$ cat query.pdb   # PDB, C-alpha atoms
ATOM      1  CA  MET A 548     -58.277-120.873   5.445  1.00  0.00           C
ATOM      2  CA  THR A 549     -60.547-123.364   7.213  1.00  0.00           C
ATOM      3  CA  ILE A 550     -64.254-123.798   6.539  1.00  0.00           C
ATOM      4  CA  GLU A 551     -64.943-122.406  10.015  1.00  0.00           C
ATOM      5  CA  GLU A 552     -62.961-119.221   9.285  1.00  0.00           C
ATOM      6  CA  LYS A 553     -64.817-118.721   6.011  1.00  0.00           C
ATOM      7  CA  GLN A 554     -68.115-119.169   7.835  1.00  0.00           C
ATOM      8  CA  ASP A 555     -67.085-116.698  10.548  1.00  0.00           C
ATOM      9  CA  LYS A 556     -66.235-114.097   7.942  1.00  0.00           C
ATOM     10  CA  SER A 557     -69.478-114.605   6.113  1.00  0.00           C
ATOM     11  CA  LEU A 558     -71.630-114.447   9.249  1.00  0.00           C
ATOM     12  CA  MET A 559     -70.019-111.275  10.635  1.00  0.00           C
ATOM     13  CA  ALA A 560     -70.175-109.485   7.293  1.00  0.00           C
ATOM     14  CA  GLN A 561     -73.771-110.558   6.693  1.00  0.00           C
ATOM     15  CA  ARG A 562     -74.943-109.655  10.190  1.00  0.00           C
ATOM     16  CA  PHE A 563     -73.878-106.001  10.047  1.00  0.00           C
ATOM     17  CA  ARG A 564     -74.136-105.320   6.316  1.00  0.00           C
ATOM     18  CA  GLY A 565     -70.413-105.446   5.735  1.00  0.00           C
ATOM     19  CA  PHE A 566     -69.521-103.405   8.820  1.00  0.00           C
ATOM     20  CA  LEU A 567     -67.323-104.661  11.644  1.00  0.00           C
ATOM     21  CA  PRO A 568     -68.515-103.387  15.045  1.00  0.00           C
ATOM     22  CA  VAL A 569     -65.645-102.175  17.265  1.00  0.00           C
ATOM     23  CA  VAL A 570     -66.411-100.867  20.747  1.00  0.00           C
ATOM     24  CA  VAL A 571     -64.767 -97.561  21.734  1.00  0.00           C
ATOM     25  CA  ASP A 572     -64.742 -95.479  24.897  1.00  0.00           C
ATOM     26  CA  VAL A 573     -62.844 -92.305  25.759  1.00  0.00           C
ATOM     27  CA  GLU A 574     -62.161 -90.336  28.923  1.00  0.00           C
ATOM     28  CA  THR A 575     -61.628 -86.654  28.369  1.00  0.00           C
ATOM     29  CA  GLY A 576     -60.862 -83.301  29.928  1.00  0.00           C
ATOM     30  CA  GLY A 577     -64.241 -81.851  28.998  1.00  0.00           C
ATOM     31  CA  PHE A 578     -67.127 -82.122  26.562  1.00  0.00           C
ATOM     32  CA  ASN A 579     -65.820 -80.214  23.533  1.00  0.00           C
ATOM     33  CA  ALA A 580     -64.034 -82.613  21.185  1.00  0.00           C
ATOM     34  CA  ASP A 581     -62.282 -79.783  19.334  1.00  0.00           C
ATOM     35  CA  THR A 582     -60.790 -78.010  22.355  1.00  0.00           C
ATOM     36  CA  ASP A 583     -60.720 -80.448  25.280  1.00  0.00           C
ATOM     37  CA  ALA A 584     -58.079 -83.093  25.935  1.00  0.00           C
ATOM     38  CA  LEU A 585     -58.414 -86.761  25.076  1.00  0.00           C
ATOM     39  CA  LEU A 586     -56.999 -88.502  28.167  1.00  0.00           C
ATOM     40  CA  GLU A 587     -57.804 -92.199  27.717  1.00  0.00           C
ATOM     41  CA  ILE A 588     -59.001 -94.345  24.838  1.00  0.00           C
ATOM     42  CA  ALA A 589     -59.856 -98.033  24.674  1.00  0.00           C
ATOM     43  CA  MET A 590     -61.156-100.308  21.943  1.00  0.00           C
ATOM     44  CA  VAL A 591     -62.544-103.836  22.092  1.00  0.00           C
ATOM     45  CA  THR A 592     -62.794-105.923  18.936  1.00  0.00           C
ATOM     46  CA  LEU A 593     -65.554-108.511  18.641  1.00  0.00           C
ATOM     47  CA  LYS A 594     -65.599-112.059  17.308  1.00  0.00           C
ATOM     48  CA  MET A 595     -68.419-114.226  16.054  1.00  0.00           C
ATOM     49  CA  ASP A 596     -68.585-117.960  16.673  1.00  0.00           C
ATOM     50  CA  ASP A 597     -69.748-120.547  14.172  1.00  0.00           C
ATOM     51  CA  GLU A 598     -73.315-120.313  15.468  1.00  0.00           C
ATOM     52  CA  GLY A 599     -73.499-116.572  14.866  1.00  0.00           C
ATOM     53  CA  TYR A 600     -73.096-115.440  18.480  1.00  0.00           C
ATOM     54  CA  LEU A 601     -71.053-112.329  19.197  1.00  0.00           C
ATOM     55  CA  HIS A 602     -68.344-112.139  21.896  1.00  0.00           C
ATOM     56  CA  PRO A 603     -65.778-109.567  23.106  1.00  0.00           C
ATOM     57  CA  ASP A 604     -62.333-110.361  21.766  1.00  0.00           C
ATOM     58  CA  GLU A 605     -59.208-108.184  22.043  1.00  0.00           C
ATOM     59  CA  THR A 606     -58.951-105.164  24.368  1.00  0.00           C
ATOM     60  CA  MET A 607     -56.630-102.268  23.537  1.00  0.00           C
ATOM     61  CA  SER A 608     -56.204 -99.230  25.770  1.00  0.00           C
ATOM     62  CA  ALA A 609     -53.902 -96.280  26.301  1.00  0.00           C
ATOM     63  CA  ASN A 610     -53.506 -93.248  28.519  1.00  0.00           C
ATOM     64  CA  ILE A 611     -53.042 -90.143  26.392  1.00  0.00           C
ATOM     65  CA  HIS A 612     -50.955 -86.983  26.784  1.00  0.00           C
ATOM     66  CA  PRO A 613     -53.131 -83.860  26.400  1.00  0.00           C
ATOM     67  CA  PHE A 614     -52.411 -82.391  22.970  1.00  0.00           C
ATOM     68  CA  ASP A 615     -50.645 -79.029  22.790  1.00  0.00           C
ATOM     69  CA  GLY A 616     -53.056 -76.276  23.832  1.00  0.00           C
ATOM     70  CA  ALA A 617     -55.696 -78.722  25.058  1.00  0.00           C
ATOM     71  CA  ASN A 618     -58.301 -77.417  27.489  1.00  0.00           C
ATOM     72  CA  LEU A 619     -58.749 -79.259  30.786  1.00  0.00           C
ATOM     73  CA  GLU A 620     -61.935 -78.698  32.766  1.00  0.00           C
ATOM     74  CA  GLN A 621     -61.422 -79.316  36.487  1.00  0.00           C
ATOM     75  CA  GLU A 622     -64.981 -80.613  36.838  1.00  0.00           C
ATOM     76  CA  ALA A 623     -64.269 -83.301  34.241  1.00  0.00           C
ATOM     77  CA  LEU A 624     -61.021 -84.291  35.942  1.00  0.00           C
ATOM     78  CA  ASP A 625     -62.774 -84.524  39.303  1.00  0.00           C
ATOM     79  CA  PHE A 626     -65.430 -86.745  37.734  1.00  0.00           C
ATOM     80  CA  THR A 627     -62.972 -89.204  36.160  1.00  0.00           C
ATOM     81  CA  GLY A 628     -60.294 -88.978  38.840  1.00  0.00           C
ATOM     82  CA  ILE A 629     -57.590 -88.611  36.179  1.00  0.00           C
ATOM     83  CA  ASP A 630     -54.437 -86.573  36.819  1.00  0.00           C
ATOM     84  CA  PRO A 631     -53.261 -85.879  33.243  1.00  0.00           C
ATOM     85  CA  PHE A 632     -49.727 -85.066  34.394  1.00  0.00           C
ATOM     86  CA  ASP A 633     -49.146 -88.048  36.677  1.00  0.00           C
ATOM     87  CA  PRO A 634     -45.930 -89.680  35.364  1.00  0.00           C
ATOM     88  CA  GLU A 635     -47.168 -93.092  36.463  1.00  0.00           C
ATOM     89  CA  ARG A 636     -49.905 -92.931  33.822  1.00  0.00           C
ATOM     90  CA  ASP A 637     -47.297 -93.915  31.186  1.00  0.00           C
ATOM     91  CA  ALA A 638     -49.212 -91.723  28.772  1.00  0.00           C
ATOM     92  CA  GLU A 639     -48.692 -91.848  25.012  1.00  0.00           C
ATOM     93  CA  PHE A 640     -49.156 -89.254  22.308  1.00  0.00           C
ATOM     94  CA  GLU A 641     -52.399 -89.618  20.361  1.00  0.00           C
ATOM     95  CA  ILE A 642     -50.719 -90.772  17.150  1.00  0.00           C
ATOM     96  CA  ASP A 643     -48.649 -93.413  18.957  1.00  0.00           C
ATOM     97  CA  ALA A 644     -51.718 -94.876  20.642  1.00  0.00           C
ATOM     98  CA  LEU A 645     -54.064 -94.758  17.659  1.00  0.00           C
ATOM     99  CA  THR A 646     -51.693 -96.170  15.041  1.00  0.00           C
ATOM    100  CA  PRO A 647     -51.438 -99.736  16.453  1.00  0.00           C
ATOM    101  CA  MET A 648     -55.124 -99.737  17.414  1.00  0.00           C
ATOM    102  CA  PHE A 649     -56.108 -98.869  13.856  1.00  0.00           C
ATOM    103  CA  GLN A 650     -53.755-101.519  12.500  1.00  0.00           C
ATOM    104  CA  THR A 651     -55.550-104.118  14.621  1.00  0.00           C
ATOM    105  CA  VAL A 652     -58.972-102.885  13.499  1.00  0.00           C
ATOM    106  CA  ARG A 653     -57.940-103.017   9.833  1.00  0.00           C
ATOM    107  CA  ARG A 654     -56.634-106.570  10.343  1.00  0.00           C
ATOM    108  CA  GLU A 655     -59.988-107.623  11.796  1.00  0.00           C
ATOM    109  CA  ILE A 656     -61.889-105.935   8.949  1.00  0.00           C
ATOM    110  CA  LYS A 657     -59.884-108.015   6.481  1.00  0.00           C
ATOM    111  CA  HIS A 658     -60.266-111.204   8.527  1.00  0.00           C
ATOM    112  CA  TYR A 659     -64.049-110.986   8.570  1.00  0.00           C
ATOM    113  CA  GLY A 660     -64.414-109.799   4.991  1.00  0.00           C
ATOM    114  CA  CYS A 661     -65.966-106.494   6.033  1.00  0.00           C
ATOM    115  CA  ASN A 662     -65.668-103.140   4.304  1.00  0.00           C
ATOM    116  CA  ARG A 663     -65.221-100.782   7.265  1.00  0.00           C
ATOM    117  CA  ALA A 664     -65.448-100.706  11.022  1.00  0.00           C
ATOM    118  CA  VAL A 665     -68.367 -99.015  12.732  1.00  0.00           C
ATOM    119  CA  LEU A 666     -67.929 -97.497  16.189  1.00  0.00           C
ATOM    120  CA  VAL A 667     -69.998 -98.964  19.014  1.00  0.00           C
ATOM    121  CA  GLY A 668     -70.233 -96.725  22.054  1.00  0.00           C
ATOM    122  CA  HIS A 669     -72.419 -95.831  24.997  1.00  0.00           C
ATOM    123  CA  ASN A 670     -73.580 -92.386  23.876  1.00  0.00           C
ATOM    124  CA  ALA A 671     -71.538 -93.073  20.772  1.00  0.00           C
ATOM    125  CA  HIS A 672     -71.706 -89.545  19.365  1.00  0.00           C
ATOM    126  CA  PHE A 673     -69.476 -88.337  22.221  1.00  0.00           C
ATOM    127  CA  ASP A 674     -66.800 -91.004  21.725  1.00  0.00           C
ATOM    128  CA  HIS A 675     -66.908 -90.696  17.946  1.00  0.00           C
ATOM    129  CA  GLY A 676     -66.493 -86.932  18.167  1.00  0.00           C
ATOM    130  CA  PHE A 677     -63.322 -87.167  20.243  1.00  0.00           C
ATOM    131  CA  LEU A 678     -61.936 -89.947  18.059  1.00  0.00           C
ATOM    132  CA  ARG A 679     -62.595 -87.944  14.894  1.00  0.00           C
ATOM    133  CA  ALA A 680     -60.975 -84.838  16.409  1.00  0.00           C
ATOM    134  CA  ALA A 681     -57.832 -86.816  17.279  1.00  0.00           C
ATOM    135  CA  ILE A 682     -57.738 -88.257  13.766  1.00  0.00           C
ATOM    136  CA  ASP A 683     -57.972 -84.767  12.274  1.00  0.00           C
ATOM    137  CA  ARG A 684     -55.352 -83.309  14.633  1.00  0.00           C
ATOM    138  CA  ASN A 685     -52.876 -86.015  13.710  1.00  0.00           C
ATOM    139  CA  ASP A 686     -53.694 -86.027   9.994  1.00  0.00           C
ATOM    140  CA  ILE A 687     -54.393 -89.772  10.030  1.00  0.00           C
ATOM    141  CA  LYS A 688     -55.294 -90.798   6.487  1.00  0.00           C
ATOM    142  CA  ARG A 689     -56.377 -94.420   6.942  1.00  0.00           C
ATOM    143  CA  ASP A 690     -59.219 -94.136   9.420  1.00  0.00           C
ATOM    144  CA  PRO A 691     -60.851 -97.592   9.475  1.00  0.00           C
ATOM    145  CA  PHE A 692     -64.112 -96.308  10.981  1.00  0.00           C
ATOM    146  CA  HIS A 693     -67.170 -95.158   9.091  1.00  0.00           C
ATOM    147  CA  PRO A 694     -67.052 -91.351   9.173  1.00  0.00           C
ATOM    148  CA  PHE A 695     -70.499 -90.775  10.684  1.00  0.00           C
ATOM    149  CA  SER A 696     -72.366 -94.024  11.337  1.00  0.00           C
ATOM    150  CA  SER A 697     -72.213 -95.590  14.795  1.00  0.00           C
ATOM    151  CA  PHE A 698     -74.100 -98.044  16.993  1.00  0.00           C
ATOM    152  CA  ASP A 699     -75.206 -96.398  20.243  1.00  0.00           C
ATOM    153  CA  THR A 700     -75.721 -98.859  23.090  1.00  0.00           C
ATOM    154  CA  ALA A 701     -77.559 -96.237  25.142  1.00  0.00           C
ATOM    155  CA  SER A 702     -80.276 -96.147  22.490  1.00  0.00           C
ATOM    156  CA  ILE A 703     -80.197 -99.893  21.892  1.00  0.00           C
ATOM    157  CA  ALA A 704     -80.392-100.630  25.625  1.00  0.00           C
ATOM    158  CA  ALA A 705     -83.327 -98.243  26.002  1.00  0.00           C
ATOM    159  CA  ILE A 706     -85.261-100.364  23.508  1.00  0.00           C
ATOM    160  CA  ALA A 707     -84.047-103.788  24.643  1.00  0.00           C
ATOM    161  CA  LEU A 708     -83.764-103.283  28.413  1.00  0.00           C
ATOM    162  CA  GLY A 709     -85.612-100.096  29.344  1.00  0.00           C
ATOM    163  CA  GLN A 710     -82.362 -98.543  30.590  1.00  0.00           C
ATOM    164  CA  THR A 711     -79.964 -95.930  29.229  1.00  0.00           C
ATOM    165  CA  VAL A 712     -77.244 -95.691  31.908  1.00  0.00           C
ATOM    166  CA  LEU A 713     -74.400 -98.138  31.288  1.00  0.00           C
ATOM    167  CA  ALA A 714     -74.261 -99.508  34.847  1.00  0.00           C
ATOM    168  CA  LYS A 715     -78.036 -99.984  35.064  1.00  0.00           C
ATOM    169  CA  SER A 716     -78.180-101.506  31.581  1.00  0.00           C
ATOM    170  CA  CYS A 717     -75.485-104.037  32.491  1.00  0.00           C
ATOM    171  CA  LYS A 718     -77.148-104.971  35.760  1.00  0.00           C
ATOM    172  CA  THR A 719     -80.500-105.407  34.011  1.00  0.00           C
ATOM    173  CA  ALA A 720     -78.799-107.722  31.520  1.00  0.00           C
ATOM    174  CA  GLY A 721     -77.162-109.717  34.336  1.00  0.00           C
ATOM    175  CA  ILE A 722     -73.678-108.368  33.552  1.00  0.00           C
ATOM    176  CA  ASP A 723     -71.485-107.627  36.589  1.00  0.00           C
ATOM    177  CA  PHE A 724     -70.656-103.929  36.933  1.00  0.00           C
ATOM    178  CA  ASP A 725     -68.318-102.462  39.543  1.00  0.00           C
ATOM    179  CA  ASN A 726     -69.013 -98.761  40.008  1.00  0.00           C
ATOM    180  CA  SER A 727     -65.585 -98.289  41.584  1.00  0.00           C
ATOM    181  CA  GLU A 728     -64.015 -99.304  38.265  1.00  0.00           C
ATOM    182  CA  ALA A 729     -66.255 -97.091  36.132  1.00  0.00           C
ATOM    183  CA  HIS A 730     -64.914 -94.088  34.215  1.00  0.00           C
ATOM    184  CA  SER A 731     -61.827 -96.017  33.194  1.00  0.00           C
ATOM    185  CA  ALA A 732     -61.881 -96.254  29.406  1.00  0.00           C
ATOM    186  CA  ALA A 733     -60.701 -99.881  29.420  1.00  0.00           C
ATOM    187  CA  TYR A 734     -63.353-100.983  31.933  1.00  0.00           C
ATOM    188  CA  ASP A 735     -66.227 -99.053  30.382  1.00  0.00           C
ATOM    189  CA  THR A 736     -65.320-100.260  26.906  1.00  0.00           C
ATOM    190  CA  TYR A 737     -65.316-103.904  27.927  1.00  0.00           C
ATOM    191  CA  LYS A 738     -68.648-103.546  29.736  1.00  0.00           C
ATOM    192  CA  THR A 739     -70.110-101.793  26.698  1.00  0.00           C
ATOM    193  CA  ALA A 740     -68.845-104.675  24.557  1.00  0.00           C
ATOM    194  CA  GLU A 741     -70.486-107.208  26.857  1.00  0.00           C
ATOM    195  CA  LEU A 742     -73.731-105.227  26.763  1.00  0.00           C
ATOM    196  CA  PHE A 743     -73.735-104.946  22.965  1.00  0.00           C
ATOM    197  CA  CYS A 744     -73.030-108.657  22.564  1.00  0.00           C
ATOM    198  CA  TYR A 745     -75.760-109.533  25.065  1.00  0.00           C
ATOM    199  CA  ILE A 746     -78.386-107.522  23.190  1.00  0.00           C
ATOM    200  CA  VAL A 747     -77.344-108.809  19.744  1.00  0.00           C
ATOM    201  CA  ASN A 748     -77.296-112.410  20.977  1.00  0.00           C
ATOM    202  CA  ARG A 749     -80.558-112.032  22.882  1.00  0.00           C
ATOM    203  CA  TYR A 750     -82.220-110.717  19.731  1.00  0.00           C
ATOM    204  CA  LYS A 751     -80.940-113.780  17.884  1.00  0.00           C
ATOM    205  CA  ASP A 752     -82.280-116.111  20.577  1.00  0.00           C
ATOM    206  CA  LEU A 753     -85.698-114.465  20.342  1.00  0.00           C
ATOM    207  CA  GLY A 754     -85.823-115.300  16.642  1.00  0.00           C
ATOM    208  CA  GLY A 755     -84.932-111.882  15.264  1.00  0.00           C
ATOM    209  CA  TRP A 756     -81.848-113.102  13.392  1.00  0.00           C
ATOM    210  CA  PRO A 757     -81.289-114.429  10.840  1.00  0.00           C
ATOM    211  CA  LEU A 758     -84.245-112.866   9.097  1.00  0.00           C
ATOM    212  CA  ALA A 759     -86.570-115.152   7.182  1.00  0.00           C
ATOM    213  CA  GLU A 760     -85.392-115.591   3.624  1.00  0.00           C
ATOM    214  CA  GLU A 761     -87.615-114.225   0.881  1.00  0.00           C
ATOM    215  CA  ASP A 762     -89.219-116.781  -1.383  1.00  0.00           C
TER     216      ASP A 762
END
$ encode --input "query.pdb" --output "structure tokens"
Amino acid sequence: MTIEEKQDKSLMAQRFRGFLPVVVDVETGGFNADTDALLEIAMVTLKMDDEGYLHPDETMSANIHPFDGANLEQEALDFTGIDPFDPERDAEFEIDALTPMFQTVRREIKHYGCNRAVLVGHNAHFDHGFLRAAIDRNDIKRDPFHPFSSFDTASIAAIALGQTVLAKSCKTAGIDFDNSEAHSAAYDTYKTAELFCYIVNRYKDLGGWPLAEED
């Protein structure tokens, strides 16, 4: 392992107290994680350069078959524009989509010397709830994510940018945002990743990180 790789691991682990931030977004057939279908999921891993700046890295996404007995609210489908039964979606079962994503997350946890991943999401409680429900339905034992902690970019953006809506937060930060692409899990996840990195890096530039060492 090179000196640079060791430094990367150390910086990422130090910056988030041993957690590895991984950005997640879901599109769903409603608002109830226990009863409503998970229709899309995307994850973006993050990398840290040798100066301690955070950047989006690998994007993973999948269209998901509604689980057996899943509820589908027409209002939610109209909002996202998703047809759950369109054969051209190339949808996967939850377990088949989540297994390789979790393998990638666990690889990145090991690479950066972290203990667990922590979910980053815009209104993270919603995304985490649907992810946890899918994990429980499929009896997945090796969940790499912290079971209840998350980083919510809606809250962080409210403090840093005075905005809570993803599109407005991105535009305030100077990040391009195409409303016609919104409500696709892959697009929203990548924009959330860019927003999170912008705020973390901006805080660093303003002198907020690293913290002054104690004497």
$ resolve_selection --input "query.pdb" --expression "the PyMOL selection byres ((chain A and resi 732-744) around 7)" --output "PDB file with C-alpha atoms, in the frame of the given file"
ATOM      1  CA  VAL A 570     -66.411-100.867  20.747  1.00  0.00           C
ATOM      2  CA  VAL A 571     -64.767 -97.561  21.734  1.00  0.00           C
ATOM      3  CA  ASP A 572     -64.742 -95.479  24.897  1.00  0.00           C
ATOM      4  CA  VAL A 573     -62.844 -92.305  25.759  1.00  0.00           C
ATOM      5  CA  GLU A 574     -62.161 -90.336  28.923  1.00  0.00           C
ATOM      6  CA  GLU A 587     -57.804 -92.199  27.717  1.00  0.00           C
ATOM      7  CA  ILE A 588     -59.001 -94.345  24.838  1.00  0.00           C
ATOM      8  CA  ALA A 589     -59.856 -98.033  24.674  1.00  0.00           C
ATOM      9  CA  MET A 590     -61.156-100.308  21.943  1.00  0.00           C
ATOM     10  CA  VAL A 591     -62.544-103.836  22.092  1.00  0.00           C
ATOM     11  CA  LEU A 601     -71.053-112.329  19.197  1.00  0.00           C
ATOM     12  CA  HIS A 602     -68.344-112.139  21.896  1.00  0.00           C
ATOM     13  CA  PRO A 603     -65.778-109.567  23.106  1.00  0.00           C
ATOM     14  CA  SER A 608     -56.204 -99.230  25.770  1.00  0.00           C
ATOM     15  CA  GLY A 668     -70.233 -96.725  22.054  1.00  0.00           C
ATOM     16  CA  HIS A 669     -72.419 -95.831  24.997  1.00  0.00           C
ATOM     17  CA  THR A 700     -75.721 -98.859  23.090  1.00  0.00           C
ATOM     18  CA  CYS A 717     -75.485-104.037  32.491  1.00  0.00           C
ATOM     19  CA  GLU A 728     -64.015 -99.304  38.265  1.00  0.00           C
ATOM     20  CA  ALA A 729     -66.255 -97.091  36.132  1.00  0.00           C
ATOM     21  CA  HIS A 730     -64.914 -94.088  34.215  1.00  0.00           C
ATOM     22  CA  SER A 731     -61.827 -96.017  33.194  1.00  0.00           C
ATOM     23  CA  TYR A 745     -75.760-109.533  25.065  1.00  0.00           C
ATOM     24  CA  ILE A 746     -78.386-107.522  23.190  1.00  0.00           C
ATOM     25  CA  VAL A 747     -77.344-108.809  19.744  1.00  0.00           C
ATOM     26  CA  ASN A 748     -77.296-112.410  20.977  1.00  0.00           C
TER      27      ASN A 748
END
$ residues_around --input "query.pdb" --residues "Arg684 in chain A" --least-positions-apart "2" --cutoff "10 Å" --atoms "only C-alpha atoms" --output "JSON, numbers by chain"
{"A": [581, 614, 641, 642, 678, 679, 680, 681, 682, 686, 687]}
$ write_last_selection --input "query.pdb" --atoms "C-alpha atoms" --output "mmCIF file, in the coordinates of the input"
data_model
loop_
_atom_site.group_PDB
_atom_site.id
_atom_site.type_symbol
_atom_site.label_atom_id
_atom_site.label_comp_id
_atom_site.auth_asym_id
_atom_site.auth_seq_id
_atom_site.Cartn_x
_atom_site.Cartn_y
_atom_site.Cartn_z
ATOM 1 C CA ASP A 581 -62.282 -79.783 19.334
ATOM 2 C CA PHE A 614 -52.411 -82.391 22.970
ATOM 3 C CA GLU A 641 -52.399 -89.618 20.361
ATOM 4 C CA ILE A 642 -50.719 -90.772 17.150
ATOM 5 C CA LEU A 678 -61.936 -89.947 18.059
ATOM 6 C CA ARG A 679 -62.595 -87.944 14.894
ATOM 7 C CA ALA A 680 -60.975 -84.838 16.409
ATOM 8 C CA ALA A 681 -57.832 -86.816 17.279
ATOM 9 C CA ILE A 682 -57.738 -88.257 13.766
ATOM 10 C CA ASP A 686 -53.694 -86.027 9.994
ATOM 11 C CA ILE A 687 -54.393 -89.772 10.030
#
$ closest_residue --input "query.pdb" --among "A:Met648, A:Glu622, A:Ala720, A:Pro634" --to "Leu708 in chain A" --atoms "all atoms listed in the file"
A:Ala720
$ atom_distance --input "query.pdb" --atom1 "CA of Ala704 in chain A" --atom2 "CA of Ser727 in chain A"
21.9 Å
$ residues_near_point --input "query.pdb" --point "(-67.5, -94.0, 11.0)" --cutoff "9 Å" --atoms "all atoms listed in the file" --output "ChimeraX atom specification"
/A:663-666,675,679,690-697
$ residues_near_point --input "query.pdb" --point "(-47.4, -93.4, 31.2)" --cutoff "9 Å" --atoms "all atoms listed in the file" --output "ChimeraX atom specification"
/A:609-612,633-639
$ resolve_selection --input "query.pdb" --expression "the PyMOL selection byres ((chain A and resi 655) around 12)" --output "MDAnalysis selection string"
chainID A and resid 555:556 559:560 566:569 591:595 604:605 648:654 656:664 691
$ write_last_selection --input "query.pdb" --atoms "C-alpha atoms" --output "JSON list (two decimals), keeping the file's coordinate frame"
[["chain", "number", "residue", "atom", "x", "y", "z"],
["A", 555, "ASP", "CA", -67.08, -116.70, 10.55],
["A", 556, "LYS", "CA", -66.24, -114.10, 7.94],
["A", 559, "MET", "CA", -70.02, -111.28, 10.64],
["A", 560, "ALA", "CA", -70.18, -109.48, 7.29],
["A", 566, "PHE", "CA", -69.52, -103.40, 8.82],
["A", 567, "LEU", "CA", -67.32, -104.66, 11.64],
["A", 568, "PRO", "CA", -68.52, -103.39, 15.04],
["A", 569, "VAL", "CA", -65.64, -102.18, 17.26],
["A", 591, "VAL", "CA", -62.54, -103.84, 22.09],
["A", 592, "THR", "CA", -62.79, -105.92, 18.94],
["A", 593, "LEU", "CA", -65.55, -108.51, 18.64],
["A", 594, "LYS", "CA", -65.60, -112.06, 17.31],
["A", 595, "MET", "CA", -68.42, -114.23, 16.05],
["A", 604, "ASP", "CA", -62.33, -110.36, 21.77],
["A", 605, "GLU", "CA", -59.21, -108.18, 22.04],
["A", 648, "MET", "CA", -55.12, -99.74, 17.41],
["A", 649, "PHE", "CA", -56.11, -98.87, 13.86],
["A", 650, "GLN", "CA", -53.76, -101.52, 12.50],
["A", 651, "THR", "CA", -55.55, -104.12, 14.62],
["A", 652, "VAL", "CA", -58.97, -102.88, 13.50],
["A", 653, "ARG", "CA", -57.94, -103.02, 9.83],
["A", 654, "ARG", "CA", -56.63, -106.57, 10.34],
["A", 656, "ILE", "CA", -61.89, -105.94, 8.95],
["A", 657, "LYS", "CA", -59.88, -108.02, 6.48],
["A", 658, "HIS", "CA", -60.27, -111.20, 8.53],
["A", 659, "TYR", "CA", -64.05, -110.99, 8.57],
["A", 660, "GLY", "CA", -64.41, -109.80, 4.99],
["A", 661, "CYS", "CA", -65.97, -106.49, 6.03],
["A", 662, "ASN", "CA", -65.67, -103.14, 4.30],
["A", 663, "ARG", "CA", -65.22, -100.78, 7.26],
["A", 664, "ALA", "CA", -65.45, -100.71, 11.02],
["A", 691, "PRO", "CA", -60.85, -97.59, 9.48]]
$ atom_distance --input "query.pdb" --atom1 "CA of Asp615 in chain A" --atom2 "CA of Ala584 in chain A"
9.0 Å
$ closest_residue --input "query.pdb" --among "A:Ala623, A:Ala580, A:Ile722, A:Ala644" --to "Asp674 in chain A" --atoms "only C-alpha atoms"
A:Ala580
$ closest_residue --input "query.pdb" --among "A:Tyr750, A:Phe632, A:Phe578, A:Asn726" --to "Tyr600 in chain A" --atoms "all atoms listed in the file"
A:Tyr750
$ atom_distance --input "query.pdb" --atom1 "CA of Lys751 in chain A" --atom2 "CA of Arg564 in chain A"
15.9 Å
$ closest_residue --input "query.pdb" --among "A:Asn618, A:Glu598, A:Gly754, A:Ala705" --to "Ser557 in chain A" --atoms "only C-alpha atoms"
A:Glu598
$ closest_residue --input "query.pdb" --among "A:Thr575, A:Gln561, A:Thr646, A:Gln710" --to "Leu624 in chain A" --atoms "all atoms listed in the file"
A:Thr575
$ closest_residue --input "query.pdb" --among "A:Pro757, A:Gly721, A:Gly676, A:Pro613" --to "Leu558 in chain A" --atoms "all atoms listed in the file"
A:Pro757
$ residues_around --input "query.pdb" --residues "Leu619 in chain A" --least-positions-apart "5" --cutoff "7 Å" --atoms "all atoms listed in the file" --output "count of residues only"
4
$ build_atoms --input "query.pdb" --residues "range 724-730 of chain A" --atoms "N, CA, C and O atoms" --output "PDB file, keeping the file's coordinate frame"
ATOM      1  N   PHE A 724     -71.170-105.288  37.154  1.00  0.00           N
ATOM      2  CA  PHE A 724     -70.656-103.929  36.933  1.00  0.00           C
ATOM      3  C   PHE A 724     -70.204-103.371  38.265  1.00  0.00           C
ATOM      4  O   PHE A 724     -70.981-103.276  39.218  1.00  0.00           O
ATOM      5  N   ASP A 725     -68.921-102.998  38.325  1.00  0.00           N
ATOM      6  CA  ASP A 725     -68.318-102.462  39.543  1.00  0.00           C
ATOM      7  C   ASP A 725     -68.201-100.951  39.395  1.00  0.00           C
ATOM      8  O   ASP A 725     -67.379-100.461  38.610  1.00  0.00           O
ATOM      9  N   ASN A 726     -69.016-100.218  40.139  1.00  0.00           N
ATOM     10  CA  ASN A 726     -69.013 -98.761  40.008  1.00  0.00           C
ATOM     11  C   ASN A 726     -67.670 -98.139  40.374  1.00  0.00           C
ATOM     12  O   ASN A 726     -67.338 -97.052  39.895  1.00  0.00           O
ATOM     13  N   SER A 727     -66.891 -98.826  41.215  1.00  0.00           N
ATOM     14  CA  SER A 727     -65.585 -98.289  41.584  1.00  0.00           C
ATOM     15  C   SER A 727     -64.595 -98.351  40.430  1.00  0.00           C
ATOM     16  O   SER A 727     -63.572 -97.658  40.429  1.00  0.00           O
ATOM     17  N   GLU A 728     -64.882 -99.195  39.433  1.00  0.00           N
ATOM     18  CA  GLU A 728     -64.015 -99.304  38.265  1.00  0.00           C
ATOM     19  C   GLU A 728     -64.484 -98.434  37.110  1.00  0.00           C
ATOM     20  O   GLU A 728     -63.762 -98.277  36.111  1.00  0.00           O
ATOM     21  N   ALA A 729     -65.678 -97.880  37.221  1.00  0.00           N
ATOM     22  CA  ALA A 729     -66.255 -97.091  36.132  1.00  0.00           C
ATOM     23  C   ALA A 729     -65.437 -95.833  35.873  1.00  0.00           C
ATOM     24  O   ALA A 729     -64.686 -95.365  36.730  1.00  0.00           O
ATOM     25  N   HIS A 730     -65.612 -95.289  34.678  1.00  0.00           N
ATOM     26  CA  HIS A 730     -64.914 -94.088  34.215  1.00  0.00           C
ATOM     27  C   HIS A 730     -63.431 -94.344  33.985  1.00  0.00           C
ATOM     28  O   HIS A 730     -62.635 -93.412  33.957  1.00  0.00           O
TER      29      HIS A 730
END
